[in-house]
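Listing of protein.pdb, PDB, C-alpha atoms, pLDDT in the B column
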MODEL        1
ATOM      1  CA  MET A   1      26.708 -15.389   7.178  1.00 91.00           C
ATOM      2  CA  ARG A   2      27.526 -12.991   4.358  1.00 95.00           C
ATOM      3  CA  LYS A   3      26.705 -15.586   1.703  1.00 96.00           C
ATOM      4  CA  ALA A   4      23.422 -16.312   3.489  1.00 97.00           C
ATOM      5  CA  PHE A   5      22.708 -12.558   3.428  1.00 97.00           C
ATOM      6  CA  VAL A   6      23.241 -12.557  -0.357  1.00 97.00           C
ATOM      7  CA  ILE A   7      21.065 -15.636  -0.861  1.00 98.00           C
ATOM      8  CA  VAL A   8      18.138 -14.407   1.226  1.00 98.00           C
ATOM      9  CA  SER A   9      18.359 -10.954  -0.407  1.00 98.00           C
ATOM     10  CA  ALA A  10      18.221 -12.620  -3.837  1.00 98.00           C
ATOM     11  CA  LEU A  11      15.208 -14.697  -2.756  1.00 98.00           C
ATOM     12  CA  LEU A  12      13.520 -11.519  -1.544  1.00 98.00           C
ATOM     13  CA  LEU A  13      14.103  -9.874  -4.926  1.00 98.00           C
ATOM     14  CA  VAL A  14      12.708 -12.929  -6.724  1.00 98.00           C
ATOM     15  CA  SER A  15       9.614 -12.868  -4.505  1.00 98.00           C
ATOM     16  CA  PHE A  16       9.044  -9.194  -5.334  1.00 97.00           C
ATOM     17  CA  ALA A  17       9.400  -9.958  -9.047  1.00 96.00           C
ATOM     18  CA  LEU A  18       6.878 -12.773  -8.674  1.00 97.00           C
ATOM     19  CA  GLN A  19       4.499 -10.300  -7.043  1.00 96.00           C
ATOM     20  CA  PHE A  20       4.197  -8.474 -10.349  1.00 95.00           C
ATOM     21  CA  VAL A  21       3.537 -11.776 -12.136  1.00 97.00           C
ATOM     22  CA  PHE A  22       0.900 -12.746  -9.560  1.00 96.00           C
ATOM     23  CA  ALA A  23      -0.755  -9.315  -9.857  1.00 94.00           C
ATOM     24  CA  ALA A  24      -0.980  -9.800 -13.624  1.00 95.00           C
ATOM     25  CA  VAL A  25      -2.427 -13.292 -13.118  1.00 95.00           C
ATOM     26  CA  GLY A  26      -5.100 -11.755 -10.895  1.00 93.00           C
ATOM     27  CA  ALA A  27      -5.800  -8.930 -13.315  1.00 91.00           C
ATOM     28  CA  PHE A  28      -6.176 -11.234 -16.320  1.00 94.00           C
ATOM     29  CA  THR A  29      -8.071 -14.109 -14.662  1.00 94.00           C
ATOM     30  CA  LYS A  30     -11.497 -14.473 -16.264  1.00 93.00           C
ATOM     31  CA  PRO A  31     -13.903 -14.530 -14.561  1.00 90.00           C
ATOM     32  CA  ALA A  32     -12.161 -12.581 -11.846  1.00 84.00           C
ATOM     33  CA  GLY A  33     -13.366 -14.088  -8.584  1.00 85.00           C
ATOM     34  CA  ASP A  34     -12.189 -13.446  -5.046  1.00 79.00           C
ATOM     35  CA  GLY A  35      -9.344 -15.948  -5.491  1.00 92.00           C
ATOM     36  CA  ALA A  36      -7.844 -14.232  -8.537  1.00 94.00           C
ATOM     37  CA  TYR A  37      -5.285 -12.436  -6.383  1.00 92.00           C
ATOM     38  CA  ALA A  38      -4.673 -15.280  -3.890  1.00 95.00           C
ATOM     39  CA  LEU A  39      -1.029 -15.848  -4.903  1.00 96.00           C
ATOM     40  CA  HIS A  40      -0.389 -12.104  -4.858  1.00 95.00           C
ATOM     41  CA  SER A  41      -1.921 -11.777  -1.398  1.00 93.00           C
ATOM     42  CA  VAL A  42      -0.110 -14.744   0.153  1.00 96.00           C
ATOM     43  CA  THR A  43       3.232 -13.666  -1.269  1.00 96.00           C
ATOM     44  CA  GLY A  44       2.765 -10.060  -0.158  1.00 94.00           C
ATOM     45  CA  MET A  45       1.405 -10.780   3.297  1.00 94.00           C
ATOM     46  CA  ALA A  46       3.483 -13.851   4.254  1.00 96.00           C
ATOM     47  CA  VAL A  47       6.417 -14.705   1.987  1.00 97.00           C
ATOM     48  CA  ILE A  48       7.837 -11.216   1.537  1.00 97.00           C
ATOM     49  CA  PRO A  49       7.590 -10.251   5.247  1.00 96.00           C
ATOM     50  CA  VAL A  50       9.295 -13.509   6.305  1.00 97.00           C
ATOM     51  CA  LEU A  51      12.064 -13.084   3.731  1.00 98.00           C
ATOM     52  CA  THR A  52      12.480  -9.449   4.778  1.00 97.00           C
ATOM     53  CA  LEU A  53      12.873 -10.490   8.423  1.00 97.00           C
ATOM     54  CA  LEU A  54      15.440 -13.101   7.376  1.00 98.00           C
ATOM     55  CA  THR A  55      17.264 -10.476   5.304  1.00 98.00           C
ATOM     56  CA  ILE A  56      17.430  -8.166   8.326  1.00 97.00           C
ATOM     57  CA  LEU A  57      18.626 -11.022  10.544  1.00 97.00           C
ATOM     58  CA  PHE A  58      21.357 -12.118   8.126  1.00 97.00           C
ATOM     59  CA  ALA A  59      22.424  -8.510   7.546  1.00 97.00           C
ATOM     60  CA  ALA A  60      22.941  -8.124  11.286  1.00 97.00           C
ATOM     61  CA  LEU A  61      24.681 -11.511  11.619  1.00 97.00           C
ATOM     62  CA  ALA A  62      26.922 -10.617   8.662  1.00 96.00           C
ATOM     63  CA  LYS A  63      27.917  -7.474  10.582  1.00 95.00           C
ATOM     64  CA  ALA A  64      26.679  -5.240   7.781  1.00 96.00           C
ATOM     65  CA  PRO A  65      26.933  -1.499   8.400  1.00 96.00           C
ATOM     66  CA  GLY A  66      23.967  -0.017  10.250  1.00 95.00           C
ATOM     67  CA  ARG A  67      22.867   1.883   7.175  1.00 96.00           C
ATOM     68  CA  LEU A  68      22.601  -1.375   5.218  1.00 97.00           C
ATOM     69  CA  VAL A  69      20.667  -3.069   8.029  1.00 97.00           C
ATOM     70  CA  GLY A  70      18.310  -0.079   7.957  1.00 96.00           C
ATOM     71  CA  LEU A  71      17.936  -0.359   4.186  1.00 97.00           C
ATOM     72  CA  ALA A  72      17.182  -4.077   4.586  1.00 97.00           C
ATOM     73  CA  THR A  73      14.412  -3.129   7.048  1.00 97.00           C
ATOM     74  CA  LEU A  74      12.735  -0.677   4.665  1.00 97.00           C
ATOM     75  CA  PRO A  75      10.842  -3.311   2.585  1.00 96.00           C
ATOM     76  CA  LEU A  76       8.965  -4.360   5.723  1.00 94.00           C
ATOM     77  CA  GLY A  77       7.621  -0.831   6.112  1.00 95.00           C
ATOM     78  CA  LEU A  78       6.798  -0.679   2.417  1.00 96.00           C
ATOM     79  CA  VAL A  79       4.786  -3.913   2.745  1.00 94.00           C
ATOM     80  CA  VAL A  80       2.742  -2.288   5.517  1.00 95.00           C
ATOM     81  CA  VAL A  81       2.183   0.732   3.263  1.00 96.00           C
ATOM     82  CA  GLN A  82       1.154  -1.679   0.456  1.00 95.00           C
ATOM     83  CA  ALA A  83      -1.521  -3.231   2.662  1.00 93.00           C
ATOM     84  CA  LEU A  84      -2.802   0.194   3.688  1.00 96.00           C
ATOM     85  CA  ILE A  85      -2.928   1.396   0.082  1.00 96.00           C
ATOM     86  CA  ALA A  86      -4.737  -1.772  -1.033  1.00 93.00           C
ATOM     87  CA  GLY A  87      -7.257  -1.449   1.785  1.00 93.00           C
ATOM     88  CA  LEU A  88      -7.919   2.199   0.979  1.00 95.00           C
ATOM     89  CA  ALA A  89      -8.250   1.462  -2.749  1.00 93.00           C
ATOM     90  CA  ASN A  90     -10.614  -1.469  -2.128  1.00 89.00           C
ATOM     91  CA  GLY A  91     -12.653   0.621   0.297  1.00 92.00           C
ATOM     92  CA  SER A  92     -13.017   3.522  -2.117  1.00 93.00           C
ATOM     93  CA  THR A  93     -16.020   2.278  -4.045  1.00 90.00           C
ATOM     94  CA  ASP A  94     -19.382   3.816  -4.763  1.00 90.00           C
ATOM     95  CA  ALA A  95     -22.684   2.686  -3.217  1.00 90.00           C
ATOM     96  CA  ALA A  96     -23.001  -0.127  -5.788  1.00 91.00           C
ATOM     97  CA  GLY A  97     -19.490  -1.413  -5.015  1.00 87.00           C
ATOM     98  CA  ALA A  98     -17.961  -0.168  -8.276  1.00 92.00           C
ATOM     99  CA  SER A  99     -14.513   1.390  -8.480  1.00 90.00           C
ATOM    100  CA  THR A 100     -14.263   5.153  -8.216  1.00 94.00           C
ATOM    101  CA  PRO A 101     -11.665   7.422  -9.842  1.00 95.00           C
ATOM    102  CA  PHE A 102     -10.250   8.099  -6.368  1.00 95.00           C
ATOM    103  CA  GLY A 103      -9.991   4.380  -5.625  1.00 93.00           C
ATOM    104  CA  LEU A 104      -8.299   3.689  -8.941  1.00 95.00           C
ATOM    105  CA  THR A 105      -5.814   6.497  -8.326  1.00 95.00           C
ATOM    106  CA  ILE A 106      -4.977   5.020  -4.933  1.00 95.00           C
ATOM    107  CA  ALA A 107      -4.652   1.575  -6.559  1.00 93.00           C
ATOM    108  CA  GLY A 108      -2.074   3.068  -8.921  1.00 95.00           C
ATOM    109  CA  LEU A 109      -0.032   4.108  -5.896  1.00 96.00           C
ATOM    110  CA  HIS A 110       0.008   0.436  -4.884  1.00 95.00           C
ATOM    111  CA  ALA A 111       1.967  -0.320  -8.070  1.00 94.00           C
ATOM    112  CA  VAL A 112       4.304   2.656  -7.571  1.00 97.00           C
ATOM    113  CA  ASN A 113       5.057   1.586  -3.999  1.00 97.00           C
ATOM    114  CA  GLY A 114       5.824  -1.908  -5.296  1.00 96.00           C
ATOM    115  CA  ILE A 115       8.312  -0.486  -7.774  1.00 97.00           C
ATOM    116  CA  ILE A 116       9.975   1.488  -4.974  1.00 97.00           C
ATOM    117  CA  ALA A 117      10.216  -1.687  -2.882  1.00 97.00           C
ATOM    118  CA  VAL A 118      11.898  -3.543  -5.762  1.00 97.00           C
ATOM    119  CA  HIS A 119      14.399  -0.697  -6.138  1.00 98.00           C
ATOM    120  CA  VAL A 120      15.226  -0.902  -2.423  1.00 98.00           C
ATOM    121  CA  VAL A 121      15.698  -4.679  -2.561  1.00 98.00           C
ATOM    122  CA  VAL A 122      17.948  -4.384  -5.639  1.00 98.00           C
ATOM    123  CA  ASN A 123      20.157  -2.008  -3.630  1.00 98.00           C
ATOM    124  CA  VAL A 124      20.152  -4.358  -0.625  1.00 98.00           C
ATOM    125  CA  LEU A 125      21.206  -7.262  -2.839  1.00 98.00           C
ATOM    126  CA  ARG A 126      23.889  -5.169  -4.521  1.00 97.00           C
ATOM    127  CA  ALA A 127      25.304  -4.136  -1.128  1.00 97.00           C
ATOM    128  CA  ALA A 128      25.067  -7.698   0.227  1.00 97.00           C
ATOM    129  CA  ARG A 129      27.081  -8.953  -2.738  1.00 97.00           C
ATOM    130  CA  GLN A 130      29.667  -6.253  -2.173  1.00 96.00           C
ATOM    131  CA  LEU A 131      29.859  -7.125   1.523  1.00 95.00           C
ATOM    132  CA  ALA A 132      30.358 -10.808   0.671  1.00 94.00           C
ATOM    133  CA  ARG A 133      33.286 -10.109  -1.644  1.00 92.00           C
ATOM    134  CA  PRO A 134      36.712 -10.672  -0.136  1.00 85.00           C
ATOM    135  CA  THR A 135      38.237  -7.346   0.886  1.00 68.00           C
ATOM    136  CA  PRO A 136      41.845  -6.390   1.445  1.00 70.00           C
ATOM    137  CA  ALA A 137      42.996  -6.551   5.059  1.00 66.00           C
ATOM    138  CA  GLY A 138      41.910  -3.522   7.046  1.00 60.00           C
ATOM    139  CA  THR A 139      39.101  -2.533   4.672  1.00 57.00           C
ATOM    140  CA  THR A 140      35.656  -2.630   6.272  1.00 60.00           C
ATOM    141  CA  HIS A 141      33.632   0.085   4.492  1.00 59.00           C
ATOM    142  CA  VAL A 142      30.765  -1.112   2.308  1.00 60.00           C
ATOM    143  CA  SER A 143      29.096   1.395   0.012  1.00 60.00           C
ATOM    144  CA  ILE A 144      25.373   1.079  -0.591  1.00 61.00           C
ATOM    145  CA  ARG A 145      25.387   3.652  -3.378  1.00 62.00           C
ATOM    146  CA  GLU A 146      26.885   3.298  -6.811  1.00 57.00           C
ATOM    147  CA  GLY A 147      29.869   5.489  -7.453  1.00 59.00           C
ATOM    148  CA  GLU A 148      30.651   5.918  -3.769  1.00 58.00           C
ATOM    149  CA  PRO A 149      34.200   4.840  -2.929  1.00 57.00           C
ATOM    150  CA  ALA A 150      34.421   1.509  -1.111  1.00 54.00           C
TER     151      ALA A 150
ENDMDL
END
Reformat the file's structure so that it appears as structure tokens.
Amino acid sequence: MRKAFVIVSALLLVSFALQFVFAAVGAFTKPAGDGAYALHSVTGMAVIPVLTLLTILFAALAKAPGRLVGLATLPLGLVVVQALIAGLANGSTDAAGASTPFGLTIAGLHAVNGIIAVHVVVNVLRAARQLARPTPAGTTHVSIREGEPA
């Protein structure tokens, strides 16, 4: 189960990295129609939540420490925040439907939240790899922070 935890965590990180690629595809598609962000939306609203749920499941099955299971759960909450930020940004337009400075500021927070989510997933993957490494008999502690003794 520990190897599965590493694999699904790595797939989750790859899907988050692809999110940035898909956002750029949407931003640079000319003309930018409603489908410009389709890959970004599907990945963010379906692929990432499913992979996050699998990461949580495999973390629990791998008997990861509770703190690591909690960290593995965090991206799910960040995806919900992403959807809320996107909705608020898209809804913050003027009467003609054009972007407003407020809406663009909120949209910037969407990118920042995505960066935070990637950072969390990198730490989950790092801890999953550490958990999967063979440990000396009697050692069960897994650090989820660099520099912390194992």
Using all atoms listed in the file, find each residue in range 41-99 of chain A having at least one atom no more than 9 Å away from range 125-135 of chain A; report its shortest atom-to-atom pair and that distance in Å (one decimal), rows by chain then rising number, as CSV.
residue,atom,partner,partner_atom,distance
A:Ala59,CA,A:Ala128,CA,7.8
A:Ala62,CA,A:Leu131,CA,8.5
A:Ala64,CA,A:Leu131,CA,7.3
A:Leu68,CA,A:Ala127,CA,7.4
When you look at range 72-78 of chain A with a cut-off of 9 Å (counting only C-alpha atoms), what residues show up, excluding the ones that are within fewer than 2 positions of it in the same chain? I need them as number ranges by chain. A: 9, 48-49, 52-53, 55-56, 59, 67-70, 80-83, 113-114, 116-118, 120-121, 123-124
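Taking all atoms listed in the file, the non-local environment of Thr105 in chain A within 10 Å (same-chain residues fewer than 4 positions away omitted) comprises Ala89, Ser92, Thr100, Pro101, Leu109 and His110 of chain A.
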Please identify all polymer residues within 8 Å of Ala107 in chain A, counting only C-alpha atoms, omitting same-chain residues fewer than 3 positions from it, and present them as a VMD selection string. chain A and resid 85 to 86 89 103 to 104 110 to 111
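Reported to one decimal place, the separation of CA of Val25 in chain A from CA of Leu54 in chain A is 27.2 Å.
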To verify the selection step, state as a ChimeraX atom specification which residues the PyMOL selection byres ((chain A and resi 40-44) around 9) yields on this input. /A:15-16,18-23,25-26,36-39,45-49,79,82-83
Please indicate the distance in Å from CA of Leu11 in chain A to CA of Ala27 in chain A, rounded to one decimal place. 24.2 Å
